[in-house]
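I have placed the structure first, in the form of structure tokens, so that the comments after it can refer back to it.
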Amino acid sequence: DYMKKRNVPWVSKKDVDALMEEWGCEYLVRQRNTLLMEGDGGPLTVVTACKGKTLQDGIDFYKSPVYQELVKLRAPYTDWDFRLVQGRF
């Protein structure tokens, strides 16, 4: 398990990328430089896609022990929204 191999108090992009790959997901957009037209927004926009996955798969991903460990590590330093959307490609 990639999280157990590392003994660092932060979340690296490698950690997130490995988890995304494990769940069959990929980044569509990961960008700080965005033009917010409405709403509160935030400092970083990340949109990922997990083709062939269901809304329940997204819930399972979010609640997974590995992802929740990443949440604990990043929570003191971030303030963001996490949304699940089931859509079509």
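Identifiers in this document derive from the order of the structure tokens: chains are assigned A, B, ..., residues are numbered from 1 separately in each chain, and ligands are numbered from 1 in order of occurrence.
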
- [ ] Name all residues at most 6 Å from stretch 74-87 of chain A (count only C-alpha atoms; drop same-chain ones fewer than 2 positions away) and give them as a list in words.
- [x]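 Counting only the stated atoms, we get Leu55, Val71 and Lys72 of chain A.
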
Please save N, CA and C atoms of the selected residues as a compact mmCIF listing (two decimals), in the first residue's frame.
```
# COMPACT_ATOMS: atom_id res chain seq x y z
N LEU A 55 -22.60 6.41 -8.84
CA LEU A 55 -22.59 7.33 -7.72
C LEU A 55 -22.19 6.60 -6.44
N VAL A 71 -7.71 12.76 3.70
CA VAL A 71 -8.53 13.87 4.20
C VAL A 71 -7.97 14.37 5.53
N LYS A 72 -7.65 13.46 6.43
CA LYS A 72 -7.09 13.85 7.73
C LYS A 72 -5.79 14.64 7.57
```

Task: Who sits within 12 Å of A:Gly58, only C-alpha atoms, same chain under 4 positions skipped, as an NGL selection string - done: :A and (20 or 23-25 or 48-54 or 62-64 or 67 or 82-87)

Can those selected residues be exported to a file as a PDB file, in the first residue's frame so that it contains C-alpha atoms?
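Generated file (again39.pdb):
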```
ATOM      1  CA  MET A  20      -7.050   7.764  -8.496  1.00  0.00           C
ATOM      2  CA  TRP A  23     -10.077   3.458  -8.467  1.00  0.00           C
ATOM      3  CA  GLY A  24      -9.895   3.814 -12.272  1.00  0.00           C
ATOM      4  CA  CYS A  25     -10.179   7.600 -12.280  1.00  0.00           C
ATOM      5  CA  THR A  48     -11.999  14.038 -12.153  1.00  0.00           C
ATOM      6  CA  ALA A  49     -13.790  11.341 -14.093  1.00  0.00           C
ATOM      7  CA  CYS A  50     -14.212   7.696 -13.284  1.00  0.00           C
ATOM      8  CA  LYS A  51     -15.673   6.145 -16.410  1.00  0.00           C
ATOM      9  CA  GLY A  52     -17.964   3.210 -15.827  1.00  0.00           C
ATOM     10  CA  LYS A  53     -18.402   4.045 -12.135  1.00  0.00           C
ATOM     11  CA  THR A  54     -21.647   4.742 -10.306  1.00  0.00           C
ATOM     12  CA  TYR A  62     -14.878   9.063  -0.532  1.00  0.00           C
ATOM     13  CA  LYS A  63     -15.498   6.852   2.499  1.00  0.00           C
ATOM     14  CA  SER A  64     -12.600   4.484   1.791  1.00  0.00           C
ATOM     15  CA  TYR A  67      -9.005   8.461   1.044  1.00  0.00           C
ATOM     16  CA  PHE A  82     -16.208  17.842  -2.485  1.00  0.00           C
ATOM     17  CA  ARG A  83     -19.059  17.031  -4.840  1.00  0.00           C
ATOM     18  CA  LEU A  84     -20.080  13.759  -6.439  1.00  0.00           C
ATOM     19  CA  VAL A  85     -21.895  13.846  -9.756  1.00  0.00           C
ATOM     20  CA  GLN A  86     -23.054  10.900 -11.786  1.00  0.00           C
ATOM     21  CA  GLY A  87     -22.999  11.882 -15.430  1.00  0.00           C
TER      22      GLY A  87
END
```

Task: All strand (DSSP E) residues (DSSP, backbone) inside stretch 24-84 of chain A, as number ranges by chain - done: A: 26-31, 45-49

TODO: Take atom CA of A:Asp15 and atom CA of A:Phe61 and report the distance between them in Å, one decimal.
DONE: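 Atom-to-atom, atom CA of A:Asp15 and atom CA of A:Phe61 are spaced 14.2 Å apart.
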
Open item on the list: What does the structure give for the distance between atom CA of A:Leu73 and atom CA of A:Val11, in Å to one decimal?
Closed with: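 Atom CA of A:Val11 lies 6.2 Å from atom CA of A:Leu73.
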
Task: Between atom CA of A:Val16 and atom CA of A:Val46 - distance in Å to one decimal - done: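 These atoms are spaced 11.8 Å apart.
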
Open item on the list: as a VMD selection string, please: the residues near A:Val47 (cut-off 8 Å, only C-alpha atoms, same-chain neighbours under 6 positions excluded).
Closed with: chain A and resid 27 to 30
